[in-house]
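Just my_file24.txt here, compact mmCIF, C-alpha atoms:
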```
# COMPACT_ATOMS: atom_id res chain seq x y z
CA MET A 1 95.03 -33.97 -86.46
CA SER A 2 93.01 -37.05 -85.48
CA GLY A 3 94.28 -40.61 -85.50
CA SER A 4 91.91 -41.53 -88.33
CA GLU A 5 93.18 -38.66 -90.45
CA ALA A 6 96.74 -39.73 -89.78
CA ALA A 7 95.96 -43.28 -90.85
CA ALA A 8 94.10 -42.24 -93.97
CA GLY A 9 96.93 -40.04 -95.12
CA GLY A 10 99.72 -42.38 -94.09
CA ILE A 11 101.07 -39.65 -91.79
CA SER A 12 103.31 -40.40 -88.84
CA LEU A 13 101.73 -40.72 -85.40
CA TRP A 14 104.11 -37.96 -84.29
CA ARG A 15 101.75 -35.54 -86.08
CA ASP A 16 98.75 -36.84 -84.13
CA ARG A 17 98.40 -34.49 -81.14
CA ARG A 18 96.33 -36.94 -79.11
CA PHE A 19 98.87 -39.73 -79.46
CA ARG A 20 101.75 -37.36 -78.66
CA ARG A 21 100.06 -36.39 -75.40
CA PHE A 22 99.48 -39.98 -74.39
CA TRP A 23 103.00 -41.01 -75.40
CA ALA A 24 104.49 -38.12 -73.40
CA GLY A 25 102.52 -39.07 -70.30
CA GLN A 26 103.58 -42.71 -70.51
CA SER A 27 107.19 -41.76 -71.21
CA VAL A 28 107.43 -39.59 -68.11
CA SER A 29 105.72 -42.28 -66.03
CA GLN A 30 108.12 -44.98 -67.23
CA PHE A 31 111.16 -43.00 -66.11
CA GLY A 32 109.46 -42.43 -62.77
CA ASP A 33 108.93 -46.18 -62.39
CA ARG A 34 112.66 -46.80 -62.74
CA ILE A 35 113.25 -44.42 -59.84
CA THR A 36 110.79 -46.24 -57.58
CA GLU A 37 112.25 -49.63 -58.47
CA LEU A 38 115.52 -48.41 -56.95
CA ALA A 39 114.16 -46.25 -54.14
CA LEU A 40 111.57 -48.55 -52.54
CA PRO A 41 113.93 -51.46 -51.73
CA LEU A 42 116.65 -48.98 -50.72
CA ILE A 43 114.29 -47.45 -48.15
CA ALA A 44 113.52 -50.92 -46.80
CA VAL A 45 117.20 -51.86 -46.56
CA SER A 46 118.78 -48.60 -45.43
CA ALA A 47 116.08 -47.07 -43.24
CA LEU A 48 114.43 -50.21 -41.90
CA SER A 49 117.26 -52.80 -42.07
CA ALA A 50 115.04 -55.18 -44.05
CA THR A 51 116.26 -58.72 -44.72
CA ALA A 52 116.58 -60.24 -48.20
CA ASN A 53 113.34 -62.16 -47.63
CA GLN A 54 111.49 -58.97 -46.66
CA VAL A 55 112.74 -57.21 -49.77
CA ALA A 56 111.59 -60.19 -51.86
CA TRP A 57 108.10 -59.85 -50.35
CA LEU A 58 108.13 -56.18 -51.35
CA THR A 59 108.61 -57.22 -54.98
CA ALA A 60 106.06 -60.04 -54.75
CA LEU A 61 103.34 -57.73 -53.40
CA ILE A 62 103.64 -55.46 -56.44
CA TRP A 63 102.68 -58.40 -58.68
CA THR A 64 100.10 -60.00 -56.38
CA PRO A 65 97.13 -57.85 -57.57
CA ASN A 66 97.53 -59.38 -61.04
CA LEU A 67 96.02 -62.57 -59.63
CA LEU A 68 92.72 -60.65 -59.39
CA ALA A 69 93.05 -59.00 -62.81
CA ILE A 70 90.51 -61.40 -64.30
CA LEU A 71 87.81 -60.04 -61.95
CA LEU A 72 88.93 -56.43 -62.31
CA GLY A 73 88.84 -56.73 -66.10
CA ALA A 74 85.25 -57.99 -65.94
CA TRP A 75 84.33 -55.02 -63.73
CA VAL A 76 86.12 -52.50 -65.98
CA ASP A 77 84.24 -53.78 -69.05
CA GLN A 78 81.01 -52.56 -67.44
CA ARG A 79 82.32 -49.04 -66.95
CA PRO A 80 81.51 -46.65 -69.82
CA ARG A 81 84.53 -44.31 -69.44
CA LYS A 82 87.80 -46.21 -69.44
CA ARG A 83 89.88 -43.02 -69.68
CA ARG A 84 88.60 -41.87 -66.28
CA LEU A 85 89.70 -45.17 -64.74
CA MET A 86 93.20 -44.69 -66.16
CA ILE A 87 93.34 -41.18 -64.68
CA LEU A 88 92.09 -42.54 -61.33
CA ALA A 89 94.82 -45.20 -61.37
CA ASP A 90 97.50 -42.55 -61.92
CA LEU A 91 96.13 -40.35 -59.13
CA VAL A 92 96.00 -43.28 -56.69
CA ARG A 93 99.60 -44.20 -57.43
CA ALA A 94 100.71 -40.60 -56.96
CA ALA A 95 98.93 -40.29 -53.60
CA VAL A 96 100.21 -43.63 -52.31
CA LEU A 97 103.81 -42.86 -53.24
CA LEU A 98 103.63 -39.41 -51.62
CA SER A 99 102.71 -41.05 -48.31
CA VAL A 100 106.23 -42.49 -48.01
CA PRO A 101 108.26 -39.24 -47.96
CA VAL A 102 105.64 -37.68 -45.67
CA ALA A 103 105.96 -40.57 -43.21
CA TYR A 104 109.76 -40.49 -43.53
CA LEU A 105 109.94 -36.80 -42.69
CA LEU A 106 107.74 -37.49 -39.65
CA GLY A 107 109.94 -40.42 -38.64
CA ALA A 108 106.99 -42.80 -38.98
CA VAL A 109 107.81 -44.94 -42.06
CA THR A 110 107.44 -48.67 -41.42
CA LEU A 111 107.90 -51.88 -43.38
CA GLY A 112 104.15 -52.44 -43.19
CA GLN A 113 103.60 -49.11 -44.95
CA LEU A 114 106.03 -50.09 -47.72
CA TYR A 115 104.16 -53.37 -48.16
CA ALA A 116 100.89 -51.43 -48.43
CA VAL A 117 102.46 -49.04 -50.96
CA ALA A 118 103.66 -51.97 -53.07
CA LEU A 119 100.24 -53.65 -52.97
CA LEU A 120 98.23 -50.49 -53.73
CA THR A 121 100.48 -49.27 -56.54
CA GLY A 122 100.36 -52.76 -58.03
CA ALA A 123 96.55 -52.79 -57.83
CA ALA A 124 96.32 -49.34 -59.45
CA GLY A 125 98.66 -50.57 -62.19
CA VAL A 126 96.32 -53.50 -62.89
CA LEU A 127 93.37 -51.06 -63.09
CA PHE A 128 95.27 -48.91 -65.59
CA ASN A 129 96.28 -51.92 -67.70
CA THR A 130 92.79 -53.43 -67.89
CA ALA A 131 91.25 -50.08 -68.88
CA TYR A 132 94.01 -49.41 -71.42
CA PRO A 133 93.15 -51.81 -74.32
CA PRO A 134 89.74 -50.24 -75.17
CA PHE A 135 91.33 -46.79 -74.91
CA PHE A 136 94.27 -47.76 -77.14
CA VAL A 137 92.13 -48.98 -80.07
CA ARG A 138 90.08 -45.76 -79.96
CA LEU A 139 93.23 -43.64 -79.92
CA VAL A 140 95.31 -45.44 -82.56
CA PRO A 141 94.06 -46.45 -86.04
CA ARG A 142 94.39 -50.16 -86.80
CA PRO A 143 97.14 -49.80 -89.46
CA SER A 144 99.27 -47.97 -86.86
CA TYR A 145 99.06 -50.51 -84.01
CA VAL A 146 102.60 -51.81 -84.51
CA ASP A 147 104.00 -48.30 -85.00
CA ALA A 148 102.30 -47.05 -81.81
CA ASN A 149 103.47 -50.02 -79.73
CA SER A 150 106.97 -49.54 -81.13
CA LYS A 151 107.05 -45.91 -79.98
CA LEU A 152 105.68 -46.72 -76.53
CA SER A 153 108.07 -49.66 -76.11
CA ALA A 154 111.05 -47.61 -77.30
CA THR A 155 110.47 -45.13 -74.49
CA ARG A 156 110.12 -47.93 -71.97
CA SER A 157 113.41 -49.38 -73.20
CA ALA A 158 115.10 -45.97 -73.01
CA SER A 159 113.92 -45.67 -69.41
CA TYR A 160 115.78 -48.89 -68.59
CA VAL A 161 118.93 -47.51 -70.21
CA ALA A 162 118.96 -44.07 -68.56
CA GLY A 163 116.42 -44.44 -65.74
CA PRO A 164 118.62 -46.28 -63.20
CA ALA A 165 121.41 -43.72 -63.61
CA ILE A 166 118.97 -40.82 -63.18
CA GLY A 167 117.33 -42.53 -60.23
CA GLY A 168 120.66 -43.28 -58.59
CA ALA A 169 121.78 -39.66 -58.92
CA LEU A 170 118.50 -38.36 -57.48
CA ILE A 171 118.66 -40.80 -54.57
CA GLN A 172 122.24 -39.71 -53.88
CA VAL A 173 121.20 -36.04 -53.75
CA LEU A 174 117.69 -36.22 -52.26
CA THR A 175 117.69 -39.56 -50.36
CA ALA A 176 115.49 -42.47 -51.43
CA PRO A 177 112.24 -41.48 -49.65
CA VAL A 178 112.25 -37.91 -50.97
CA THR A 179 113.02 -39.18 -54.47
CA LEU A 180 109.63 -40.92 -54.51
CA VAL A 181 108.12 -37.44 -54.83
CA VAL A 182 109.55 -37.37 -58.35
CA ASP A 183 107.75 -40.59 -59.32
CA ALA A 184 104.52 -39.30 -57.76
CA LEU A 185 104.81 -36.18 -59.91
CA THR A 186 105.28 -38.30 -63.04
CA PHE A 187 101.94 -40.01 -62.33
CA LEU A 188 100.30 -36.60 -61.93
CA VAL A 189 101.75 -35.54 -65.28
CA SER A 190 100.42 -38.73 -66.85
CA ALA A 191 96.96 -38.12 -65.35
CA VAL A 192 96.86 -34.58 -66.76
CA LEU A 193 97.99 -35.64 -70.24
CA VAL A 194 95.65 -38.65 -70.42
CA GLY A 195 92.86 -36.33 -69.29
CA ARG A 196 93.53 -34.12 -72.31
CA VAL A 197 93.29 -37.01 -74.78
CA ARG A 198 89.75 -37.11 -76.11
CA VAL A 199 88.55 -40.39 -77.63
CA ASP A 200 85.16 -41.83 -78.48
CA GLU A 201 84.73 -44.09 -75.47
CA PRO A 202 83.49 -47.63 -76.19
CA PRO A 203 80.12 -48.38 -74.62
CA ALA A 204 79.94 -50.36 -71.40
CA VAL A 205 78.88 -53.98 -71.52
CA PRO A 206 75.05 -53.91 -71.41
CA GLY A 207 73.13 -55.32 -68.49
CA GLY A 208 74.56 -53.36 -65.53
CA ALA A 209 73.62 -54.68 -62.14
CA ALA A 210 70.90 -56.84 -63.70
CA GLY A 211 73.39 -58.47 -66.09
CA PRO A 212 75.61 -61.49 -65.57
CA SER A 213 77.56 -61.72 -62.31
CA LEU A 214 81.15 -60.54 -62.05
CA TRP A 215 82.38 -64.13 -61.86
CA ARG A 216 80.43 -65.10 -64.96
CA ARG A 217 81.79 -62.17 -66.96
CA ALA A 218 85.29 -63.02 -65.77
CA GLY A 219 84.74 -66.61 -66.87
CA GLU A 220 83.56 -65.39 -70.28
CA GLY A 221 86.82 -63.50 -70.71
CA LEU A 222 88.92 -66.55 -69.86
CA SER A 223 86.71 -68.79 -71.99
CA PHE A 224 87.13 -66.49 -74.96
CA VAL A 225 90.92 -66.65 -74.63
CA VAL A 226 90.90 -70.46 -74.37
CA ARG A 227 88.63 -70.88 -77.41
CA HIS A 228 90.43 -68.37 -79.63
CA PRO A 229 93.30 -70.10 -81.49
CA VAL A 230 95.52 -67.01 -81.60
CA LEU A 231 94.96 -65.87 -78.01
CA ARG A 232 95.22 -69.39 -76.61
CA ALA A 233 98.59 -69.99 -78.26
CA THR A 234 100.05 -66.58 -77.45
CA LEU A 235 98.95 -66.77 -73.80
CA GLY A 236 100.53 -70.21 -73.41
CA CYS A 237 103.73 -68.89 -74.99
CA ALA A 238 103.83 -65.64 -72.98
CA ALA A 239 103.10 -67.36 -69.66
CA THR A 240 105.80 -69.96 -70.30
CA VAL A 241 108.33 -67.28 -71.23
CA ASN A 242 107.42 -65.28 -68.13
CA PHE A 243 107.73 -68.30 -65.87
CA PHE A 244 111.23 -69.17 -67.08
CA SER A 245 112.40 -65.56 -67.27
CA PHE A 246 111.57 -65.29 -63.56
CA VAL A 247 113.27 -68.63 -62.89
CA ALA A 248 116.43 -66.82 -63.99
CA GLY A 249 115.28 -63.48 -62.58
CA SER A 250 117.45 -60.37 -62.55
CA GLY A 251 118.48 -61.15 -58.97
CA LEU A 252 119.88 -64.59 -59.82
CA ILE A 253 121.67 -63.24 -62.89
CA VAL A 254 123.29 -60.50 -60.83
CA LEU A 255 124.26 -63.05 -58.16
CA PHE A 256 125.70 -65.38 -60.82
CA ALA A 257 127.63 -62.55 -62.46
CA ASN A 258 129.14 -61.56 -59.12
CA ARG A 259 129.86 -64.96 -57.59
CA ASN A 260 130.47 -67.25 -60.56
CA LEU A 261 131.82 -64.80 -63.12
CA GLY A 262 133.70 -62.69 -60.56
CA LEU A 263 132.41 -59.37 -61.94
CA SER A 264 132.32 -56.25 -59.79
CA ALA A 265 129.16 -54.21 -59.30
CA GLY A 266 130.53 -51.54 -61.63
CA VAL A 267 131.25 -54.00 -64.44
CA ILE A 268 127.83 -55.64 -64.00
CA GLY A 269 126.18 -52.21 -64.21
CA VAL A 270 128.03 -51.34 -67.41
CA ALA A 271 127.17 -54.74 -68.94
CA PHE A 272 123.49 -54.27 -68.11
CA GLY A 273 123.56 -50.72 -69.49
CA VAL A 274 125.09 -51.89 -72.78
CA GLY A 275 122.64 -54.78 -72.90
CA ALA A 276 119.65 -52.48 -72.37
CA THR A 277 120.37 -50.81 -75.70
CA GLY A 278 119.17 -54.04 -77.31
CA SER A 279 115.65 -53.35 -76.03
CA LEU A 280 115.75 -49.84 -77.44
CA LEU A 281 116.98 -51.04 -80.83
CA GLY A 282 114.39 -53.84 -80.92
CA ALA A 283 111.53 -51.49 -80.13
CA VAL A 284 112.59 -49.04 -82.85
CA ILE A 285 113.03 -51.53 -85.68
CA ALA A 286 110.26 -54.00 -84.75
CA PRO A 287 107.80 -52.37 -87.24
CA ARG A 288 110.34 -52.70 -90.04
CA ILE A 289 110.98 -56.36 -89.23
CA SER A 290 107.26 -57.17 -89.04
CA ARG A 291 106.66 -55.52 -92.42
CA ARG A 292 109.51 -57.54 -93.94
CA PHE A 293 108.86 -60.95 -92.39
CA GLY A 294 105.32 -60.70 -91.03
CA VAL A 295 103.80 -60.04 -87.61
CA GLY A 296 103.41 -63.73 -86.74
CA ARG A 297 106.94 -64.76 -87.67
CA SER A 298 108.33 -61.81 -85.72
CA ILE A 299 106.48 -63.06 -82.62
CA VAL A 300 107.88 -66.56 -83.14
CA VAL A 301 111.46 -65.30 -83.44
CA GLY A 302 111.02 -63.03 -80.41
CA ALA A 303 109.68 -65.95 -78.34
CA VAL A 304 113.03 -67.73 -78.80
CA LEU A 305 115.37 -64.75 -78.85
CA PHE A 306 114.02 -63.36 -75.58
CA PRO A 307 114.90 -66.28 -73.23
CA ALA A 308 117.62 -68.19 -75.12
CA PRO A 309 120.51 -65.68 -74.72
CA THR A 310 120.55 -66.35 -70.97
CA ALA A 311 122.57 -69.43 -71.94
CA ILE A 312 125.34 -67.14 -73.25
CA ALA A 313 125.84 -65.68 -69.78
CA ALA A 314 125.48 -69.10 -68.13
CA ALA A 315 128.23 -70.57 -70.33
CA ALA A 316 130.62 -67.62 -69.90
CA ASP A 317 134.22 -68.29 -68.90
CA GLY A 318 137.71 -67.05 -69.67
CA PRO A 319 139.25 -63.61 -69.18
CA LEU A 320 137.38 -60.69 -67.61
CA TRP A 321 136.55 -58.99 -70.91
CA LEU A 322 135.02 -62.21 -72.25
CA ARG A 323 132.91 -62.83 -69.13
CA ALA A 324 131.66 -59.23 -69.06
CA GLY A 325 131.08 -59.30 -72.81
CA ALA A 326 129.04 -62.49 -72.55
CA LEU A 327 126.82 -60.91 -69.90
CA ALA A 328 126.33 -57.78 -72.01
CA ALA A 329 125.62 -59.85 -75.15
CA ALA A 330 123.06 -61.97 -73.31
CA GLN A 331 121.26 -58.84 -72.08
CA PHE A 332 121.45 -57.18 -75.51
CA PHE A 333 119.97 -60.07 -77.52
CA SER A 334 117.39 -60.84 -74.84
CA GLY A 335 116.27 -57.20 -74.79
CA PHE A 336 116.05 -57.16 -78.58
CA GLY A 337 113.99 -60.36 -78.50
CA VAL A 338 111.51 -59.21 -75.88
CA MET A 339 110.74 -56.04 -77.84
CA LEU A 340 110.27 -57.99 -81.07
CA PHE A 341 107.91 -60.25 -79.15
CA ASP A 342 106.03 -57.56 -77.20
CA VAL A 343 105.51 -54.93 -79.90
CA ASN A 344 104.05 -57.42 -82.38
CA LEU A 345 102.07 -59.48 -79.87
CA ASN A 346 100.47 -56.46 -78.22
CA SER A 347 99.46 -55.20 -81.66
CA LEU A 348 98.07 -58.57 -82.72
CA GLN A 349 96.00 -58.80 -79.54
CA ALA A 350 94.54 -55.35 -80.18
CA ALA A 351 93.53 -56.52 -83.67
CA VAL A 352 91.77 -59.78 -82.75
CA ILE A 353 89.91 -58.93 -79.51
CA PRO A 354 86.37 -57.55 -79.95
CA ASP A 355 85.56 -54.21 -78.36
CA ASP A 356 83.13 -55.57 -75.78
CA MET A 357 85.68 -58.12 -74.51
CA ARG A 358 88.90 -56.10 -74.31
CA SER A 359 89.13 -55.47 -70.57
CA ARG A 360 87.85 -58.93 -69.67
CA VAL A 361 90.39 -60.57 -71.97
CA ALA A 362 93.17 -58.29 -70.67
CA GLY A 363 92.27 -59.27 -67.11
CA ALA A 364 92.21 -63.00 -67.86
CA TYR A 365 95.45 -62.71 -69.82
CA SER A 366 97.20 -60.84 -67.00
CA THR A 367 96.04 -63.25 -64.31
CA VAL A 368 97.60 -66.23 -66.10
CA ASN A 369 100.55 -64.46 -67.68
CA TYR A 370 101.73 -62.38 -64.73
CA GLY A 371 100.60 -65.01 -62.23
CA ALA A 372 103.37 -67.20 -63.65
CA ARG A 373 106.02 -64.72 -62.53
CA PRO A 374 106.06 -65.23 -58.75
CA VAL A 375 105.79 -69.00 -59.28
CA GLY A 376 108.82 -68.84 -61.56
CA ALA A 377 110.75 -66.75 -59.05
CA VAL A 378 110.11 -69.26 -56.24
CA THR A 379 111.06 -72.15 -58.54
CA GLY A 380 114.27 -70.38 -59.53
CA GLY A 381 115.26 -69.91 -55.91
CA LEU A 382 114.67 -73.59 -55.15
CA LEU A 383 116.58 -74.74 -58.24
CA ALA A 384 119.53 -72.46 -57.48
CA THR A 385 119.67 -73.90 -53.97
CA LEU A 386 119.48 -77.51 -55.16
CA VAL A 387 121.60 -77.56 -58.33
CA GLY A 388 123.42 -74.22 -58.41
CA LEU A 389 123.18 -70.94 -60.33
CA ARG A 390 124.69 -72.00 -63.67
CA PRO A 391 122.37 -75.02 -64.23
CA THR A 392 119.38 -72.92 -63.16
CA LEU A 393 120.14 -70.26 -65.79
CA LEU A 394 120.56 -72.97 -68.45
CA VAL A 395 117.19 -74.48 -67.49
CA ALA A 396 115.62 -71.01 -67.75
CA ALA A 397 117.11 -70.44 -71.21
CA LEU A 398 116.03 -73.82 -72.57
CA GLY A 399 112.60 -73.84 -70.97
CA GLY A 400 111.86 -70.31 -72.15
CA ALA A 401 112.91 -71.12 -75.73
CA LEU A 402 110.61 -74.16 -75.75
CA SER A 403 107.66 -71.78 -75.34
CA VAL A 404 107.75 -71.41 -79.13
CA PHE A 405 106.02 -74.80 -79.41
CA TRP A 406 102.80 -73.11 -78.30
CA LEU A 407 102.99 -70.98 -81.45
CA LEU A 408 104.22 -73.34 -84.19
CA PRO A 409 101.01 -75.41 -84.61
CA SER A 410 98.80 -72.31 -84.20
CA PRO A 411 97.69 -69.78 -86.84
CA VAL A 412 100.18 -67.20 -85.50
CA PRO A 413 103.16 -67.92 -87.82
CA ARG A 414 100.90 -67.46 -90.87
CA ILE A 415 99.72 -63.97 -89.90
CA ARG A 416 101.62 -61.47 -92.03
CA SER A 417 99.81 -58.24 -91.16
CA LEU A 418 97.04 -56.86 -88.96
CA ALA A 419 94.65 -56.49 -91.87
CA SER A 420 91.19 -57.87 -91.10
CA SER A 421 91.52 -60.49 -93.85
CA ASP A 422 94.76 -61.89 -92.37
CA THR A 423 93.57 -62.12 -88.76
CA THR A 424 90.12 -63.42 -89.71
CA ASP A 425 91.57 -66.11 -91.97
CA ALA A 426 93.97 -67.16 -89.21
CA ALA A 427 91.16 -67.50 -86.67
CA ASP A 428 88.99 -69.39 -89.18
CA ASP A 429 91.85 -71.78 -89.95
CA GLY A 430 92.23 -72.46 -86.22
CA GLY A 431 88.61 -73.57 -86.11
CA ALA A 432 87.88 -72.20 -82.65
CA ALA A 433 86.71 -68.64 -82.58
CA GLY A 434 86.22 -67.80 -86.22
CA SER A 435 85.48 -64.23 -87.22
CA GLU A 436 83.97 -63.63 -83.79
CA GLY A 437 87.50 -62.90 -82.62
CA VAL A 438 87.88 -59.87 -84.89
CA PRO A 439 86.24 -56.52 -84.14
CA ALA A 440 84.02 -55.05 -86.82
CA SER A 441 86.39 -52.11 -87.04
CA ALA A 442 89.62 -52.74 -85.97
CA ASP A 443 97.26 -54.27 -74.75
CA PRO A 444 100.35 -54.48 -73.04
CA THR A 445 99.92 -57.75 -71.25
CA THR A 446 102.71 -59.97 -72.51
CA ALA A 447 106.28 -60.23 -71.43
```
Output the file's structure in the form of structure tokens.
Amino acid sequence: MSGSEAAAGGISLWRDRRFRRFWAGQSVSQFGDRITELALPLIAVSALSATANQVAWLTALIWTPNLLAILLGAWVDQRPRKRRLMILADLVRAAVLLSVPVAYLLGAVTLGQLYAVALLTGAAGVLFNTAYPPFFVRLVPRPSYVDANSKLSATRSASYVAGPAIGGALIQVLTAPVTLVVDALTFLVSAVLVGRVRVDEPPAVPGGAAGPSLWRRAGEGLSFVVRHPVLRATLGCAATVNFFSFVAGSGLIVLFANRNLGLSAGVIGVAFGVGATGSLLGAVIAPRISRRFGVGRSIVVGAVLFPAPTAIAAAADGPLWLRAGALAAAQFFSGFGVMLFDVNLNSLQAAVIPDDMRSRVAGAYSTVNYGARPVGAVTGGLLATLVGLRPTLLVAALGGALSVFWLLPSPVPRIRSLASSDTTDAADDGGAAGSEGVPASADPTTA
């Protein structure tokens, strides 16, 4: 059954074979990512005696390619077959990850190799993400955008609940370097399944080599975001949330929980596991909430509910059960908020970006949005050094919640659904992009 048939008949996406294949590939890949997130730093620490600063650089290098996403998005828009680029990105990540266990078995693994692996897998991830938006709108019918993003986000959330435990067990049995083979295989599975998903590929941007330069096309993508009232507001909100979420950062929260709250590693792990169920719940019920209260209002609530609960952990005190409970509650409500924010915002973006701009806009969006993350992480480290962990977490909670002020004066709160009339009216009311922002027929780049 095709996606259009599913939409016309109001049938669940689970009965759409193409979507099931894509969802399965992404689900397997997400669980593999959780393994690598544990294994890569463990290799650096255990096999190479890396310092905390060297491990931090390993994380930073994964995000660094996003600074060039604006140029990569402009390049991807010229390519006629986005699906092939997604397959290529998966194959590159698989090959790069496989180099680590091979080098380990030969006794030749180095910190420089791990840095290269982080950089190349990050770059391949950016390629996949900039090619993804045009593919997504050809795979999923417009009325099912929220439902599709809910299903994809639910699996991602489930990977955060069970993935670390699975990864830890595999590392214990196989060792960290060998465990990377598992993640490499998940990318191969994703490549095979994406390769079996047939969609009508959107045409490449006309002009080719004789057309506008790469820099000009990249500038057009950024200019479109800045002029569009919905995209401008949501990018400002998402980048602000990302900045302050990385000011807190998982590392600082773990450090605070251990040093200030006096929680053991086991208790912290349980609290994070319980908290991760909030993401899963949020992803599952986000479509129901958006139908009840509207897509725009759901984004507004998520923008506050994502960062604000950090204050619960920062203010924790009292007996052990209360301190651990506060940490778990903060993680639970934050996870619920980020899914409410992401599922609806990704769907809204898919509805208002024209086909010939999708990759360019995704690239511009990622450059600003994800570029805020390393800046936030550095700021968080400086703040924690100067004023302490508890005030830093409170600043992150307050600053992140204030991101909602990007949305309140914009058309976003008035958007109830993804119907063309709703999104067109919102853009017209904003007075910037008008109906140009809506495709004639009806991207995970947020938090």
Can you tell me, as an mmCIF file with C-alpha atoms, in the coordinates of the input, what residues are no more than 12 Å from Leu98 in chain A when counting only C-alpha atoms, ignoring any on the same chain fewer than 5 positions away?
```cif
data_model
loop_
_atom_site.group_PDB
_atom_site.id
_atom_site.type_symbol
_atom_site.label_atom_id
_atom_site.label_comp_id
_atom_site.auth_asym_id
_atom_site.auth_seq_id
_atom_site.Cartn_x
_atom_site.Cartn_y
_atom_site.Cartn_z
ATOM 1 C CA THR A 36 110.790 -46.240 -57.580
ATOM 2 C CA LEU A 91 96.130 -40.350 -59.130
ATOM 3 C CA VAL A 92 96.000 -43.280 -56.690
ATOM 4 C CA ARG A 93 99.600 -44.200 -57.430
ATOM 5 C CA ALA A 103 105.960 -40.570 -43.210
ATOM 6 C CA TYR A 104 109.760 -40.490 -43.530
ATOM 7 C CA LEU A 105 109.940 -36.800 -42.690
ATOM 8 C CA VAL A 109 107.810 -44.940 -42.060
ATOM 9 C CA GLN A 113 103.600 -49.110 -44.950
ATOM 10 C CA LEU A 114 106.030 -50.090 -47.720
ATOM 11 C CA VAL A 117 102.460 -49.040 -50.960
ATOM 12 C CA THR A 121 100.480 -49.270 -56.540
ATOM 13 C CA PRO A 177 112.240 -41.480 -49.650
ATOM 14 C CA VAL A 178 112.250 -37.910 -50.970
ATOM 15 C CA THR A 179 113.020 -39.180 -54.470
ATOM 16 C CA LEU A 180 109.630 -40.920 -54.510
ATOM 17 C CA VAL A 181 108.120 -37.440 -54.830
ATOM 18 C CA VAL A 182 109.550 -37.370 -58.350
ATOM 19 C CA ASP A 183 107.750 -40.590 -59.320
ATOM 20 C CA ALA A 184 104.520 -39.300 -57.760
ATOM 21 C CA LEU A 185 104.810 -36.180 -59.910
ATOM 22 C CA THR A 186 105.280 -38.300 -63.040
ATOM 23 C CA PHE A 187 101.940 -40.010 -62.330
ATOM 24 C CA LEU A 188 100.300 -36.600 -61.930
#
```
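CA of Gly380 in chain A sits 12.1 Å away from CA of Gly399 in chain A.
Minimum atom-to-atom distances from A:Gly363, A:Gly337, A:Gly318, A:Gly266 to Leu281 in chain A were compared using all atoms listed in the file, and the lowest value belongs to A:Gly337.
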Axis-aligned box over every listed atom of range 128-138 of chain A, padded by 8 Å per side: centre and edges in Å to one decimal, as JSON?
```
{"center_x": 93.0, "center_y": -49.6, "center_z": -72.8, "size_x": 22.5, "size_y": 23.7, "size_z": 30.5}
```
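Atom pair CA of Leu389 in chain A / CA of Thr64 in chain A: separated by 25.8 Å.
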Query raised in the report: Within 10 Å of Leu263 in chain A, counting only C-alpha atoms, which residues qualify if same-chain residues fewer than 5 places away don't, as a list of chain:residue names?
Result: A:Val254, A:Leu255, A:Phe256, A:Ala257, A:Asn258, A:Ile268, A:Gly269, A:Ala271, A:Leu320, A:Trp321, A:Arg323, A:Ala324, A:Leu327
Query raised in the report: From the list A:Ala89, A:Ala238, A:Leu394, A:Leu348, which residue is nearest Asn129 in chain A when using all atoms listed in the file?
Result: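 Answer, going by the shortest atom-to-atom distance: A:Ala89.
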Report task. Name the residues within 7 Å of (101.5, -57.1, -84.1), counting only C-alpha atoms in the file's coordinates, and put them as a PyMOL selection string. Result -> chain A and resi 146+295+343-348+418
Query - Exercise: Arg360 in chain A partners within 9 Å, only C-alpha atoms, chain neighbours under 5 positions left out, as a PyMOL selection string - result: chain A and resi 69-77+130+217-222+365
Please write the residues from the selection above to a file, keeping C-alpha atoms, as a PDB file, in the coordinates of the input.
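Output saved as selection_32.pdb:
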```pdb
ATOM      1  CA  ALA A  69      93.050 -59.000 -62.810  1.00  0.00           C
ATOM      2  CA  ILE A  70      90.510 -61.400 -64.300  1.00  0.00           C
ATOM      3  CA  LEU A  71      87.810 -60.040 -61.950  1.00  0.00           C
ATOM      4  CA  LEU A  72      88.930 -56.430 -62.310  1.00  0.00           C
ATOM      5  CA  GLY A  73      88.840 -56.730 -66.100  1.00  0.00           C
ATOM      6  CA  ALA A  74      85.250 -57.990 -65.940  1.00  0.00           C
ATOM      7  CA  TRP A  75      84.330 -55.020 -63.730  1.00  0.00           C
ATOM      8  CA  VAL A  76      86.120 -52.500 -65.980  1.00  0.00           C
ATOM      9  CA  ASP A  77      84.240 -53.780 -69.050  1.00  0.00           C
ATOM     10  CA  THR A 130      92.790 -53.430 -67.890  1.00  0.00           C
ATOM     11  CA  ARG A 217      81.790 -62.170 -66.960  1.00  0.00           C
ATOM     12  CA  ALA A 218      85.290 -63.020 -65.770  1.00  0.00           C
ATOM     13  CA  GLY A 219      84.740 -66.610 -66.870  1.00  0.00           C
ATOM     14  CA  GLU A 220      83.560 -65.390 -70.280  1.00  0.00           C
ATOM     15  CA  GLY A 221      86.820 -63.500 -70.710  1.00  0.00           C
ATOM     16  CA  LEU A 222      88.920 -66.550 -69.860  1.00  0.00           C
ATOM     17  CA  TYR A 365      95.450 -62.710 -69.820  1.00  0.00           C
TER      18      TYR A 365
END
```
Report summary line: Among A:Val225, A:Arg156, A:Gly371, A:Val338, Ile353 in chain A is approached most closely, using all atoms listed in the file, by A:Val225
Query raised in the report: For the point (95.4, -35.9, -75.0) in file coordinates, what residues are within 7 Å, counting all atoms listed in the file? Give the answer as a list of chain:residue names?
Result: A:Arg17, A:Arg18, A:Phe19, A:Arg21, A:Phe22, A:Leu193, A:Val194, A:Gly195, A:Arg196, A:Val197, A:Arg198
